[in-house]
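Next comes upload-v3.cif, a file with mmCIF, C-alpha atoms and all ligand atoms.
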```cif
data_start
loop_
_atom_site.label_atom_id
_atom_site.label_comp_id
_atom_site.auth_asym_id
_atom_site.auth_seq_id
_atom_site.Cartn_x
_atom_site.Cartn_y
_atom_site.Cartn_z
CA MET A 205 85.39 155.82 0.79
CA ARG A 206 81.75 155.12 1.61
CA ILE A 207 81.39 153.68 5.12
CA LEU A 208 78.20 152.14 6.49
CA VAL A 209 78.26 152.44 10.28
CA THR A 210 75.79 150.27 12.20
CA GLY A 211 75.10 151.60 15.69
CA GLY A 212 76.30 155.05 14.60
CA ALA A 213 73.94 156.81 17.03
CA GLY A 214 75.59 155.10 20.00
CA PHE A 215 78.54 156.20 22.10
CA ILE A 216 81.45 154.82 20.04
CA GLY A 217 79.63 154.83 16.70
CA SER A 218 78.82 158.54 16.97
CA ALA A 219 82.46 159.31 17.90
CA LEU A 220 83.56 157.41 14.79
CA VAL A 221 81.05 159.21 12.58
CA ARG A 222 81.97 162.66 13.95
CA ARG A 223 85.62 161.83 13.28
CA LEU A 224 85.00 160.57 9.73
CA ILE A 225 82.93 163.62 8.76
CA GLU A 226 85.10 166.20 10.53
CA HIS A 227 88.58 164.82 9.76
CA THR A 228 88.34 162.81 6.50
CA ASP A 229 86.64 162.97 3.08
CA HIS A 230 84.76 159.70 3.60
CA GLU A 231 80.99 159.48 3.16
CA VAL A 232 79.00 157.89 5.98
CA LEU A 233 75.65 156.14 6.20
CA VAL A 234 74.54 155.54 9.79
CA TYR A 235 72.28 152.47 10.10
CA ASP A 236 70.70 152.48 13.56
CA LYS A 237 67.48 151.23 15.15
CA LEU A 238 67.55 153.99 17.77
CA THR A 239 67.05 151.77 20.81
CA TYR A 240 67.17 153.41 24.24
CA ALA A 241 70.95 153.76 23.65
CA GLY A 242 70.68 155.50 20.28
CA VAL A 243 70.90 159.27 20.75
CA LEU A 244 70.45 161.34 17.60
CA SER A 245 71.68 164.52 19.26
CA SER A 246 75.14 162.89 19.46
CA LEU A 247 75.23 163.21 15.66
CA GLU A 248 74.03 166.82 15.57
CA PRO A 249 77.57 168.20 15.01
CA VAL A 250 77.69 166.43 11.60
CA ALA A 251 73.99 166.21 10.70
CA SER A 252 74.14 168.98 8.09
CA SER A 253 77.11 167.54 6.20
CA PRO A 254 76.31 166.41 2.63
CA ARG A 255 78.63 163.42 3.30
CA TYR A 256 76.38 162.17 6.14
CA ARG A 257 73.17 160.13 5.85
CA PHE A 258 71.00 158.31 8.38
CA VAL A 259 68.58 155.41 8.15
CA GLN A 260 66.55 154.18 11.10
CA ALA A 261 66.33 150.39 10.86
CA ASP A 262 67.05 147.14 12.72
CA ILE A 263 70.07 144.97 11.81
CA ILE A 264 67.80 141.95 12.21
CA ASP A 265 65.71 143.18 9.27
CA ALA A 266 67.52 141.51 6.34
CA GLU A 267 65.58 143.43 3.68
CA SER A 268 66.48 146.81 5.18
CA VAL A 269 70.12 145.80 5.52
CA ALA A 270 70.21 144.63 1.88
CA ARG A 271 68.55 147.86 0.72
CA ALA A 272 71.05 150.01 2.63
CA LEU A 273 73.98 148.06 1.18
CA ASN A 274 72.69 148.17 -2.40
CA ASP A 275 71.67 151.85 -2.28
CA PHE A 276 74.76 153.20 -0.48
CA LYS A 277 77.32 150.77 -1.98
CA PRO A 278 79.83 150.95 0.88
CA GLN A 279 83.48 149.89 0.66
CA VAL A 280 83.45 149.38 4.43
CA VAL A 281 80.82 148.10 6.85
CA ALA A 282 81.80 149.16 10.37
CA HIS A 283 79.53 147.01 12.53
CA LEU A 284 79.05 148.56 15.97
CA ALA A 285 75.31 148.03 16.54
CA ALA A 286 74.87 145.96 19.69
CA GLU A 287 73.29 145.78 23.09
CA SER A 288 76.30 146.96 25.09
CA HIS A 289 75.52 147.13 28.82
CA VAL A 290 76.56 144.19 31.01
CA ASP A 291 74.03 145.00 33.77
CA ARG A 292 71.13 145.03 31.29
CA SER A 293 72.31 141.66 29.93
CA ILE A 294 71.86 140.22 33.43
CA ASP A 295 68.28 141.52 33.63
CA GLY A 296 67.28 140.67 30.06
CA PRO A 297 69.67 138.51 28.03
CA GLY A 298 67.21 137.78 25.20
CA GLU A 299 67.72 141.12 23.48
CA PHE A 300 71.50 140.55 23.57
CA VAL A 301 71.18 137.22 21.76
CA GLN A 302 68.81 138.78 19.21
CA THR A 303 70.83 141.87 18.36
CA ASN A 304 74.41 140.74 19.00
CA VAL A 305 74.20 137.17 17.70
CA VAL A 306 71.27 137.00 15.26
CA GLY A 307 71.75 140.62 14.16
CA THR A 308 75.43 139.98 13.36
CA PHE A 309 74.45 136.83 11.45
CA VAL A 310 72.01 138.90 9.35
CA MET A 311 74.67 141.55 8.72
CA LEU A 312 77.14 138.86 7.58
CA GLN A 313 74.67 137.15 5.25
CA GLN A 314 73.61 140.42 3.64
CA ALA A 315 77.19 141.69 3.41
CA LEU A 316 78.20 138.42 1.74
CA GLY A 317 75.40 138.68 -0.82
CA TYR A 318 76.39 142.28 -1.55
CA TYR A 319 80.10 141.35 -1.74
CA ARG A 320 79.42 138.55 -4.23
CA GLY A 321 77.65 141.03 -6.51
CA LEU A 322 80.69 143.36 -6.66
CA ASN A 323 83.22 143.29 -9.49
CA GLU A 324 86.73 142.05 -8.71
CA ALA A 325 88.23 145.49 -8.11
CA ASP A 326 85.45 146.45 -5.69
CA GLN A 327 85.70 143.09 -3.93
CA ALA A 328 89.41 143.72 -3.36
CA CYS A 329 88.57 146.95 -1.50
CA PHE A 330 85.61 145.70 0.54
CA ARG A 331 85.94 145.18 4.34
CA PHE A 332 83.47 143.96 6.97
CA HIS A 333 84.82 145.35 10.26
CA HIS A 334 83.30 143.87 13.40
CA ILE A 335 83.77 145.94 16.55
CA SER A 336 84.04 143.83 19.69
CA THR A 337 85.21 143.86 23.27
CA ASP A 338 88.00 142.55 25.49
CA GLU A 339 85.30 141.00 27.71
CA VAL A 340 85.21 137.95 25.37
CA PHE A 341 88.57 136.87 26.89
CA GLY A 342 87.12 136.52 30.39
CA SER A 343 88.67 137.79 33.60
CA LEU A 344 92.34 138.22 34.56
CA GLY A 345 94.05 137.87 37.95
CA ASP A 346 96.63 140.42 39.07
CA GLU A 347 99.06 139.56 36.26
CA GLY A 348 98.93 139.21 32.49
CA LEU A 349 97.34 140.89 29.48
CA PHE A 350 94.86 139.82 26.80
CA THR A 351 96.50 139.31 23.39
CA GLU A 352 94.91 138.49 20.03
CA THR A 353 95.53 134.77 20.70
CA THR A 354 94.09 134.61 24.24
CA ALA A 355 91.43 131.87 24.42
CA TYR A 356 87.83 133.02 24.64
CA ASP A 357 86.20 132.67 28.07
CA PRO A 358 83.16 134.99 28.24
CA ARG A 359 81.28 135.09 31.53
CA SER A 360 78.32 137.47 31.21
CA PRO A 361 75.35 137.21 28.83
CA TYR A 362 76.74 140.34 27.14
CA SER A 363 80.27 139.00 26.63
CA ALA A 364 78.95 135.56 25.61
CA SER A 365 76.81 137.19 22.92
CA LYS A 366 79.77 139.26 21.68
CA ALA A 367 81.98 136.14 21.67
CA ALA A 368 79.38 134.32 19.58
CA SER A 369 79.28 137.21 17.12
CA ASP A 370 83.11 137.27 16.86
CA HIS A 371 83.09 133.55 16.01
CA LEU A 372 80.43 134.06 13.35
CA VAL A 373 82.43 136.87 11.75
CA ARG A 374 85.64 134.80 11.59
CA ALA A 375 83.67 131.81 10.23
CA TRP A 376 82.28 133.97 7.40
CA GLY A 377 85.86 135.02 6.65
CA HIS A 378 87.28 131.48 6.60
CA THR A 379 84.37 129.70 4.95
CA TYR A 380 82.99 132.21 2.46
CA GLY A 381 86.03 134.43 1.90
CA LEU A 382 84.33 137.59 3.20
CA PRO A 383 87.16 140.08 3.94
CA VAL A 384 86.57 140.52 7.67
CA LEU A 385 88.41 142.48 10.34
CA VAL A 386 87.80 142.13 14.09
CA THR A 387 88.85 144.54 16.81
CA ASN A 388 88.56 143.80 20.54
CA CYS A 389 88.72 146.93 22.63
CA SER A 390 88.88 147.75 26.32
CA ASN A 391 86.53 150.08 28.25
CA ASN A 392 85.88 153.37 26.45
CA TYR A 393 84.98 156.67 28.09
CA GLY A 394 84.51 160.26 26.99
CA PRO A 395 81.81 162.66 25.75
CA TYR A 396 78.33 161.35 24.76
CA HIS A 397 78.70 158.24 26.97
CA PHE A 398 75.26 156.89 27.96
CA PRO A 399 74.61 157.48 31.71
CA GLU A 400 74.19 153.76 32.54
CA LYS A 401 77.98 153.25 32.32
CA LEU A 402 80.27 153.81 35.34
CA ILE A 403 81.99 157.09 34.42
CA PRO A 404 79.02 159.21 33.23
CA LEU A 405 76.81 157.69 35.95
CA ILE A 406 79.25 158.78 38.66
CA ILE A 407 79.67 162.30 37.21
CA ILE A 408 75.93 162.87 36.92
CA ARG A 409 75.01 161.39 40.31
CA ALA A 410 77.79 163.39 41.96
CA LEU A 411 76.42 166.62 40.50
CA ASN A 412 72.90 165.65 41.60
CA GLY A 413 74.07 165.14 45.21
CA GLU A 414 73.31 161.39 45.08
CA GLN A 415 75.19 158.32 46.35
CA LEU A 416 78.02 157.10 44.11
CA PRO A 417 77.51 153.32 43.88
CA VAL A 418 80.71 151.24 43.79
CA TYR A 419 80.04 147.54 43.18
CA GLY A 420 81.63 145.11 45.65
CA ASP A 421 84.90 146.34 47.14
CA GLY A 422 85.82 148.61 44.21
CA THR A 423 89.02 146.69 43.38
CA ASN A 424 87.88 145.46 39.95
CA VAL A 425 90.21 146.76 37.25
CA ARG A 426 89.35 148.09 33.78
CA ASP A 427 91.75 149.37 31.08
CA TRP A 428 90.33 152.76 30.08
CA LEU A 429 90.57 154.20 26.55
CA PHE A 430 89.41 157.66 25.49
CA VAL A 431 86.69 157.15 22.89
CA ASP A 432 88.25 159.40 20.20
CA ASP A 433 91.42 157.29 20.40
CA HIS A 434 89.26 154.21 19.74
CA ALA A 435 87.63 155.93 16.74
CA ARG A 436 91.10 156.65 15.36
CA ALA A 437 92.08 153.00 15.87
CA LEU A 438 88.97 151.81 14.03
CA GLN A 439 89.80 154.06 11.08
CA ALA A 440 93.39 152.73 10.99
CA VAL A 441 92.11 149.14 10.98
CA PHE A 442 89.52 149.45 8.22
CA GLU A 443 91.82 151.62 6.08
CA ARG A 444 95.07 149.66 6.52
CA GLY A 445 94.39 146.43 8.46
CA ALA A 446 94.93 143.06 6.78
CA PRO A 447 91.71 141.13 6.02
CA GLY A 448 91.23 138.15 8.32
CA GLU A 449 93.24 139.78 11.11
CA THR A 450 92.22 140.68 14.65
CA TYR A 451 93.59 143.74 16.47
CA ASN A 452 93.35 144.38 20.20
CA VAL A 453 92.85 148.02 21.18
CA GLY A 454 93.51 149.31 24.70
CA GLY A 455 94.42 152.40 26.65
CA ASN A 456 97.42 151.26 28.74
CA ALA A 457 95.44 152.82 31.58
CA GLU A 458 94.47 150.20 34.13
CA ARG A 459 92.60 151.61 37.10
CA LYS A 460 90.63 150.08 39.97
CA ASN A 461 86.99 151.22 39.91
CA ILE A 462 87.45 153.03 43.21
CA GLU A 463 90.41 154.95 41.72
CA VAL A 464 88.23 155.97 38.77
CA VAL A 465 85.47 157.20 41.07
CA ARG A 466 87.96 159.11 43.24
CA ALA A 467 89.55 160.67 40.13
CA ILE A 468 86.14 161.96 39.02
CA CYS A 469 85.49 163.35 42.50
CA GLY A 470 88.91 165.08 42.40
CA VAL A 471 88.17 166.85 39.11
CA LEU A 472 84.73 167.91 40.32
CA ASP A 473 86.17 169.19 43.62
CA ALA A 474 88.52 171.41 41.59
CA VAL A 475 86.11 172.57 38.88
CA ARG A 476 82.67 172.61 40.58
CA PRO A 477 83.23 172.32 44.38
CA ARG A 478 80.29 171.31 46.57
CA THR A 479 78.69 174.32 48.24
CA ASP A 480 78.84 172.72 51.73
CA GLY A 481 82.65 172.56 51.72
CA GLN A 482 82.71 168.72 51.66
CA GLY A 483 84.41 166.69 48.91
CA TYR A 484 82.39 164.63 46.41
CA ALA A 485 84.11 161.48 47.75
CA GLU A 486 81.73 161.80 50.75
CA GLN A 487 79.03 160.47 48.43
CA ILE A 488 80.86 157.17 47.65
CA THR A 489 78.80 154.15 48.74
CA TYR A 490 79.80 150.49 48.43
CA VAL A 491 76.84 148.45 47.14
CA ALA A 492 76.09 144.78 46.39
CA ASP A 493 78.40 143.40 43.72
CA ARG A 494 77.41 142.76 40.09
CA PRO A 495 76.58 139.03 39.70
CA GLY A 496 79.53 137.30 37.97
CA HIS A 497 81.58 140.51 38.11
CA ASP A 498 84.83 140.08 36.11
CA GLN A 499 87.83 141.07 38.27
CA ARG A 500 90.28 142.52 35.76
CA TYR A 501 90.59 143.31 32.06
CA ALA A 502 93.84 144.54 30.48
CA ILE A 503 94.87 144.70 26.84
CA ASP A 504 98.22 144.16 25.13
CA ALA A 505 97.86 146.60 22.21
CA SER A 506 101.33 146.03 20.75
CA LYS A 507 100.08 144.46 17.48
CA ILE A 508 98.07 147.49 16.35
CA SER A 509 100.93 149.71 17.50
CA THR A 510 103.61 147.79 15.57
CA GLU A 511 101.60 146.98 12.44
CA LEU A 512 99.42 150.06 12.03
CA GLY A 513 101.28 152.69 14.07
CA TRP A 514 98.34 153.40 16.37
CA GLU A 515 98.85 154.58 19.97
CA PRO A 516 96.44 156.11 22.47
CA SER A 517 96.96 159.89 22.56
CA LYS A 518 95.54 160.71 26.01
CA THR A 519 96.51 159.71 29.49
CA PHE A 520 93.66 158.70 31.80
CA GLU A 521 94.13 161.92 33.81
CA GLU A 522 93.83 164.10 30.67
CA GLY A 523 90.85 162.12 29.41
CA ILE A 524 88.93 162.14 32.68
CA ASP A 525 89.48 165.88 33.13
CA LEU A 526 88.17 166.53 29.62
CA THR A 527 85.24 164.16 30.14
CA VAL A 528 84.08 165.68 33.44
CA ARG A 529 84.26 169.16 31.90
CA TRP A 530 82.24 167.95 28.88
CA TYR A 531 79.43 166.70 31.17
CA LEU A 532 79.46 170.02 33.03
CA ASP A 533 79.16 171.93 29.74
CA ASN A 534 76.58 169.63 28.13
CA GLN A 535 73.89 169.11 30.73
CA VAL A 536 71.20 169.50 28.06
CA TRP A 537 72.46 166.31 26.34
CA TRP A 538 72.27 164.12 29.45
CA GLN A 539 69.33 165.76 31.22
CA ASP A 540 67.15 164.86 28.23
CA ILE A 541 68.21 161.21 28.64
CA LEU A 542 67.55 161.30 32.39
CA ASP A 543 64.09 162.80 31.80
CA SER A 544 63.02 160.46 29.00
CA ARG A 545 64.91 157.15 29.14
CA TYR A 546 67.05 156.28 32.12
CA ALA A 547 67.56 158.06 35.44
CA THR A 548 70.78 156.31 36.71
CA GLN A 549 68.96 153.73 38.87
CA ARG A 550 70.71 150.41 39.68
CA LEU A 551 70.45 147.71 36.99
CA GLY A 552 71.45 144.04 36.94
CA ALA A 553 71.47 143.43 40.71
CA ALA A 554 68.33 141.32 41.06
CA HIS A 555 69.93 137.99 40.20
CA GLY A 556 72.88 138.11 42.59
P1 LIG B 601 75.91 151.91 22.69
O1 LIG B 601 75.01 151.05 23.51
O2 LIG B 601 76.24 153.28 23.15
O3 LIG B 601 75.30 152.07 21.21
C1 LIG B 601 74.73 150.99 20.52
C2 LIG B 601 74.03 151.56 19.28
O4 LIG B 601 73.51 150.45 18.51
C3 LIG B 601 72.84 152.45 19.61
O5 LIG B 601 72.85 153.60 18.79
C4 LIG B 601 71.63 151.58 19.30
O6 LIG B 601 70.49 152.32 18.90
C5 LIG B 601 72.16 150.71 18.17
N1 LIG B 601 71.46 149.42 18.07
C6 LIG B 601 71.21 148.56 19.09
N2 LIG B 601 70.51 147.49 18.62
C7 LIG B 601 70.35 147.69 17.29
C8 LIG B 601 69.72 146.96 16.25
N3 LIG B 601 69.11 145.78 16.51
N4 LIG B 601 69.74 147.44 14.99
C9 LIG B 601 70.35 148.63 14.72
N5 LIG B 601 70.95 149.39 15.67
C10 LIG B 601 70.94 148.92 16.94
O7 LIG B 601 77.23 151.05 22.45
P2 LIG B 601 78.76 151.52 22.40
O8 LIG B 601 79.27 151.62 23.76
O9 LIG B 601 78.87 152.65 21.46
O10 LIG B 601 79.41 150.21 21.73
C11 LIG B 601 79.49 150.07 20.33
C12 LIG B 601 80.12 148.72 20.00
O11 LIG B 601 81.42 148.66 20.56
C13 LIG B 601 79.35 147.54 20.56
O12 LIG B 601 79.39 146.49 19.59
C14 LIG B 601 80.11 147.16 21.81
O13 LIG B 601 79.98 145.78 22.08
C15 LIG B 601 81.53 147.51 21.40
N6 LIG B 601 82.44 147.88 22.50
C16 LIG B 601 82.07 148.81 23.43
C17 LIG B 601 82.98 149.21 24.42
C18 LIG B 601 82.64 150.27 25.45
O14 LIG B 601 83.43 150.52 26.36
N7 LIG B 601 81.52 150.97 25.35
C19 LIG B 601 84.23 148.62 24.47
C20 LIG B 601 84.57 147.65 23.51
C21 LIG B 601 83.66 147.30 22.52
O1 LIG B 602 77.27 151.98 39.10
C1 LIG B 602 78.25 151.27 38.79
N1 LIG B 602 79.18 150.96 39.75
C2 LIG B 602 80.25 150.17 39.50
O2 LIG B 602 81.06 149.90 40.41
C3 LIG B 602 78.45 150.78 37.44
C4 LIG B 602 77.47 151.09 36.36
C5 LIG B 602 79.56 149.99 37.22
N2 LIG B 602 80.43 149.69 38.21
C6 LIG B 602 81.63 148.87 37.91
C7 LIG B 602 81.40 147.61 37.11
C8 LIG B 602 82.67 147.48 36.29
O3 LIG B 602 83.68 146.81 37.04
O4 LIG B 602 82.47 149.69 37.08
C9 LIG B 602 83.11 148.93 36.06
C10 LIG B 602 82.69 149.49 34.72
O5 LIG B 602 81.33 149.16 34.52
P1 LIG B 602 80.55 149.52 33.17
O6 LIG B 602 80.69 150.97 32.90
O7 LIG B 602 79.18 148.93 33.26
O8 LIG B 602 81.45 148.78 32.07
P2 LIG B 602 81.89 147.24 31.88
O9 LIG B 602 80.94 146.31 32.53
O10 LIG B 602 83.33 147.14 32.27
O11 LIG B 602 81.73 147.10 30.27
C11 LIG B 602 82.14 148.16 29.39
O12 LIG B 602 83.40 147.89 28.81
C12 LIG B 602 83.48 146.87 27.85
C13 LIG B 602 81.11 148.39 28.29
O13 LIG B 602 79.85 148.64 28.88
C14 LIG B 602 81.05 147.24 27.33
O14 LIG B 602 80.14 147.51 26.27
C15 LIG B 602 82.42 147.01 26.78
O15 LIG B 602 82.41 145.88 25.95
#
```

Kindly transcribe the structure held in the file into structure tokens.
Ligand code: NAD
Ligand code: TDX
Amino acid sequence: MRILVTGGAGFIGSALVRRLIEHTDHEVLVYDKLTYAGVLSSLEPVASSPRYRFVQADIIDAESVARALNDFKPQVVAHLAAESHVDRSIDGPGEFVQTNVVGTFVMLQQALGYYRGLNEADQACFRFHHISTDEVFGSLGDEGLFTETTAYDPRSPYSASKAASDHLVRAWGHTYGLPVLVTNCSNNYGPYHFPEKLIPLIIIRALNGEQLPVYGDGTNVRDWLFVDDHARALQAVFERGAPGETYNVGGNAERKNIEVVRAICGVLDAVRPRTDGQGYAEQITYVADRPGHDQRYAIDASKISTELGWEPSKTFEEGIDLTVRWYLDNQVWWQDILDSRYATQRLGAAHG
């Protein structure tokens, strides 16, 4: 198949593209604006493949989107391009509305025009797969899980913009008959994760001898999924998922933030001990909470398991060990980001 991946230079998009080029016969066109979060070196492992192409463009630019669709003629649009960081959405929500809401609207309109121009057989194969988040469901207490029918209750500018885009995608399915798929996934982690997010930020700051900032009391819970498992889920959904359906994707790996930070410190203590004999946990510092900080997210992933046979392959302990070792072995990848784009400073705290 030919698969157009928006946001393919990002964390999850690049994992999907590396998987599709390395483990399938599919052809891939990455469509990416290369914002601060777009990192071309994440695609270096597949850049020389004849089945891989790249175009630098904005999803808000309807003409560029139409050109990419008509030139590449994809069977699948995997739409991952988004502003993705909750803290940045607190500081500057406008970009989130532009890219996540208006950008998704442009993608839908252009995909619909392209779809209508296909013959019947090609229409039957076409899928518009929208990649979204569990944050649209809001925040859980100690009990319960998000299912595909949980009511939407987004609470941050980021999750509100993703919720809006999910609604647009489903509306284009119901109203215009565009064959859409939606996936809502929990927190991803793994190699090539941009250093603004908790796990890479903690690894890098630990290695640099800096404080490890834990928001609030560190009891907030996230359900962690290794990014390659998410890429495998996305492939299962656009290859075998039923049009119009939503699938929740999660890692069955709920951890409090403080447990995540301590787990990273534990791996580092074993693999790269501090030279002064102290443990990395000495660097943990509780800091002012994120404004509107959601307490707990947790996914019930039984639908994708039962219907498409997908399961996460890694435990959190295996995944975090692998991830810490990847950051130790790939300092060139993240040092370049620290030097040129973002140096792990606090974001999103000013409005608390
Ligand atoms: P990311 O921030 O790492 O990457 C986003 C990519 O989109 C970047 O390459 C960026 O250059 C590109 N992009 C941004 N604005 C664009 C625009 N206007 N036009 C074209 N390209 C643009 O994000 P990620 O963590 O890889 O997330 C990918 C998708 O998955 C997002 O839609 C996000 O909401 C969703 N998601 C993320 C997670 C997570 O834990 N990271 C979990 C669930 C869902
Ligand atoms: O320095 C930090 N200290 C800290 O305690 C950072 C950056 C975060 N945190 C906390 C906030 C969250 O409770 O750690 C948790 C994880 O934070 P992030 O890595 O910013 O992720 P989160 O806000 O949970 O959102 C992520 O998962 C869902 C992605 O960024 C989203 O794109 C995805 O939709």

Nearest to Leu284 (chain A) among A:Ala213, A:Leu233, A:Leu224, A:Ala315, with distances taken over all atoms listed in the file: which residue is it?
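For Leu284 (chain A), the nearest of the candidates is A:Ala213.
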
Restricting the calculation to all atoms listed in the file, which member of A:Gln415, A:Ser336, A:Ser363, A:Ser506 is positioned closest to Ala282 (chain A)?
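Looking at the shortest contact to Ala282 (chain A), the residue is A:Ser336.
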
Which protein, DNA or RNA residues have an atom within 6 Å of ligand LIG 602 (chain B), counting all atoms listed in the file, as a VMD selection string?
chain A and resid 288 to 290 337 339 390 to 391 400 to 402 417 to 419 424 461

To one decimal in Å, tell me the separation between CA of Gly296 (chain A) and atom O1 of ligand LIG 601 (chain B).
14.5 Å

May I have the residues within 8 Å of ligand LIG 601 (chain B), computed using all atoms listed in the file, as an MDAnalysis selection string?
chainID A and resid 210:218 235:243 260:264 283:289 302:304 307 334:339 366 388:393 397:398

I'd like the contact shell of Val528 (chain A) - 12 Å cut-off, all atoms listed in the file, skipping same-chain residues fewer than 4 positions apart - returned as number ranges by chain.
A: 393-397, 403-408, 410-411, 464-465, 467-476, 520-524, 532-535

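Of the listed residues A:Arg223, A:Arg500, A:Arg206, A:Arg257, the one whose atoms come nearest to Lys277 (chain A) is A:Arg206, with distances taken using only C-alpha atoms.
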
Nearest residue to Val221 (chain A) from the set A:Glu267, A:Asp357, A:Asp432, A:Asp295 (distances using all atoms listed in the file):
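Closest to Val221 (chain A) of all the choices is A:Asp432.
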
Please fill the gaps in region 247-253 of chain A so it has all heavy atoms, and write that as a short mmCIF file (atom, residue, chain, number, x, y, z; two decimals), in the coordinates of the input.
```cif
data_model
loop_
_atom_site.label_atom_id
_atom_site.label_comp_id
_atom_site.auth_asym_id
_atom_site.auth_seq_id
_atom_site.Cartn_x
_atom_site.Cartn_y
_atom_site.Cartn_z
N LEU A 247 74.80 163.04 17.06
CA LEU A 247 75.23 163.21 15.66
C LEU A 247 74.95 164.61 15.13
O LEU A 247 75.25 164.90 13.97
CB LEU A 247 74.53 162.16 14.79
CG LEU A 247 75.01 160.72 15.04
CD1 LEU A 247 74.03 159.70 14.48
CD2 LEU A 247 76.39 160.52 14.43
N GLU A 248 74.37 165.45 16.00
CA GLU A 248 74.03 166.82 15.57
C GLU A 248 75.22 167.58 14.98
O GLU A 248 75.06 168.28 13.97
CB GLU A 248 73.46 167.60 16.76
CG GLU A 248 72.14 168.27 16.45
CD GLU A 248 71.44 168.64 17.74
OE1 GLU A 248 72.03 169.40 18.53
OE2 GLU A 248 70.32 168.14 17.96
N PRO A 249 76.44 167.44 15.56
CA PRO A 249 77.57 168.20 15.01
C PRO A 249 77.86 167.91 13.53
O PRO A 249 78.51 168.72 12.87
CB PRO A 249 78.76 167.75 15.88
CG PRO A 249 78.15 167.28 17.15
CD PRO A 249 76.81 166.71 16.80
N VAL A 250 77.40 166.76 13.01
CA VAL A 250 77.69 166.43 11.60
C VAL A 250 76.43 166.30 10.75
O VAL A 250 76.50 166.01 9.56
CB VAL A 250 78.51 165.12 11.49
CG1 VAL A 250 79.87 165.28 12.14
CG2 VAL A 250 77.76 163.94 12.10
N ALA A 251 75.27 166.53 11.37
CA ALA A 251 73.99 166.21 10.70
C ALA A 251 73.79 167.00 9.41
O ALA A 251 73.08 166.53 8.50
CB ALA A 251 72.83 166.45 11.66
N SER A 252 74.39 168.18 9.30
CA SER A 252 74.14 168.98 8.09
C SER A 252 75.17 168.72 6.99
O SER A 252 75.09 169.31 5.91
CB SER A 252 74.14 170.47 8.45
OG SER A 252 75.41 170.80 8.96
N SER A 253 76.10 167.82 7.23
CA SER A 253 77.11 167.54 6.20
C SER A 253 76.48 166.78 5.03
O SER A 253 75.73 165.81 5.24
CB SER A 253 78.25 166.70 6.78
OG SER A 253 79.03 166.18 5.73
#
```
